[in-house]
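Asker: Pasting in a structure now, in structure tokens, and then I'll have a few things to ask.
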Amino acid sequence: MCGIMFFVTSLPYFDHLAIKLVFAENQEIDKLFVSSLLEKIVEVLNLKVVQEVDHDFPGGGLTRVLVLSQSHLICHTWPENNFIHLDLMTCSEGLRFDSLRPIIELFSPKSILIQELKY
């Protein structure tokens, strides 16, 4: 039997959200669209980007990593399926995550799923 178990008695404060967005077929999911979406999230949540890295995939997919002073915001796109996945982790208390849905709704997705990850 193989496995690793460890116990942490004092975790630092953090929030971790996984966000799934599905868009209409006529929505172009390109770098400009991703930039607009991420810039709006960063602005409204008052996040600070310290580094940004993109990786382009054949066929138009994109992974963009925003290293934040508070942790990270990662975006993965599947333009062929009109799908975006966001991973947002922060270690700043007091962020208003209830403001995420109205921000995202500005970009007119067909469906939004925001899941808070608990550890």
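Residue numbering restarts at 1 for every chain of the structure tokens, chains are lettered A, B, ... in their displayed order, and ligands are numbered from 1 as they appear.
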Looking only at the backbone, which of the residues in chain A does DSSP tag as alpha helix (DSSP H), as number ranges by chain?

Answerer: A: 31-45, 100-105

Asker: Would you pick out the contacts of A:Phe57 at 12 Å or less, using only C-alpha atoms, so that residues sharing its chain but fewer than 6 positions from it are not included, and give the list as a list in words?

Answerer: Asp30, Lys31, Thr63, Arg64, His76, Thr77, Trp78, Pro79 and Glu80 of chain A

Asker: Dump C-alpha atoms for the selected residues as an mmCIF file, in the first residue's frame?

Answerer:
```cif
data_model
loop_
_atom_site.group_PDB
_atom_site.id
_atom_site.type_symbol
_atom_site.label_atom_id
_atom_site.label_comp_id
_atom_site.auth_asym_id
_atom_site.auth_seq_id
_atom_site.Cartn_x
_atom_site.Cartn_y
_atom_site.Cartn_z
ATOM 1 C CA ASP A 30 -9.139 34.795 -28.301
ATOM 2 C CA LYS A 31 -6.351 36.640 -26.478
ATOM 3 C CA THR A 63 -3.235 29.199 -20.940
ATOM 4 C CA ARG A 64 -2.525 32.492 -19.219
ATOM 5 C CA HIS A 76 -7.313 27.883 -19.686
ATOM 6 C CA THR A 77 -9.302 28.176 -22.909
ATOM 7 C CA TRP A 78 -10.835 25.645 -25.273
ATOM 8 C CA PRO A 79 -12.074 27.919 -28.082
ATOM 9 C CA GLU A 80 -13.175 24.936 -30.162
#
```

Asker: Which of chain A counts as strand (DSSP E) under DSSP, as a PyMOL selection string please?

Answerer: chain A and resi 15-22+49-56+62-68+71-78+83-90+111-116

Asker: May I have the selected residues written with C-alpha atoms, as a compact mmCIF listing (two decimals), in the first residue's frame?

Answerer:
```
# COMPACT_ATOMS: atom_id res chain seq x y z
CA ASP A 15 -9.61 31.20 -0.80
CA HIS A 16 -9.61 28.97 -3.87
CA LEU A 17 -12.22 29.14 -6.62
CA ALA A 18 -12.67 27.10 -9.79
CA ILE A 19 -14.81 28.84 -12.41
CA LYS A 20 -16.23 27.19 -15.52
CA LEU A 21 -17.59 29.43 -18.29
CA VAL A 22 -19.34 28.23 -21.43
CA VAL A 49 -0.43 41.24 -10.97
CA VAL A 50 3.32 40.77 -10.50
CA GLN A 51 3.99 38.53 -13.52
CA GLU A 52 2.10 37.22 -16.54
CA VAL A 53 2.90 34.20 -18.72
CA ASP A 54 1.05 32.91 -21.80
CA HIS A 55 1.26 29.57 -23.53
CA ASP A 56 -0.44 29.19 -26.93
CA LEU A 62 -4.45 29.51 -24.50
CA THR A 63 -3.23 29.20 -20.94
CA ARG A 64 -2.52 32.49 -19.22
CA VAL A 65 -1.03 32.57 -15.73
CA LEU A 66 -1.24 35.74 -13.69
CA VAL A 67 1.03 35.58 -10.67
CA LEU A 68 -0.58 37.84 -8.09
CA SER A 71 -1.37 34.19 -5.18
CA HIS A 72 -2.59 33.37 -8.73
CA LEU A 73 -5.27 33.61 -11.41
CA ILE A 74 -4.99 31.03 -14.19
CA CYS A 75 -7.08 30.90 -17.36
CA HIS A 76 -7.31 27.88 -19.69
CA THR A 77 -9.30 28.18 -22.91
CA TRP A 78 -10.83 25.65 -25.27
CA PHE A 83 -15.15 27.00 -22.88
CA ILE A 84 -12.95 28.82 -20.34
CA HIS A 85 -11.75 27.53 -16.99
CA LEU A 86 -10.43 29.94 -14.36
CA ASP A 87 -8.51 29.04 -11.24
CA LEU A 88 -8.32 31.83 -8.66
CA MET A 89 -6.46 31.42 -5.41
CA THR A 90 -5.83 34.28 -3.02
CA SER A 111 -23.44 29.19 -18.23
CA ILE A 112 -21.34 29.97 -15.18
CA LEU A 113 -20.24 27.55 -12.49
CA ILE A 114 -18.28 28.97 -9.56
CA GLN A 115 -17.07 26.37 -7.11
CA GLU A 116 -15.26 27.15 -3.90
```

Asker: Kindly give the distance, in Å, that separates atom CA of A:Ser99 and atom CA of A:Lys118, rounded to a single decimal.

Answerer: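 Those two atoms sit 19.6 Å apart.
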
Asker: Quick one: distance from atom CA of A:Asn82 to atom CA of A:Asn26 in Å, one decimal?

Answerer: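 Computing the Euclidean distance for atom CA of A:Asn82 and atom CA of A:Asn26 yields 8.7 Å.
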
Asker: Can you tell me how far atom CA of A:Leu100 sits from atom CA of A:Ser36, in Å to one decimal?

Answerer: 14.2 Å

Asker: Identify, on the basis of only C-alpha atoms, every residue whose closest approach to A:Ile41 does not exceed 7 Å; exclude the query and any residue fewer than 4 positions from it along the same chain; express the result as a VMD selection string.

Answerer: chain A and resid 37 45 103
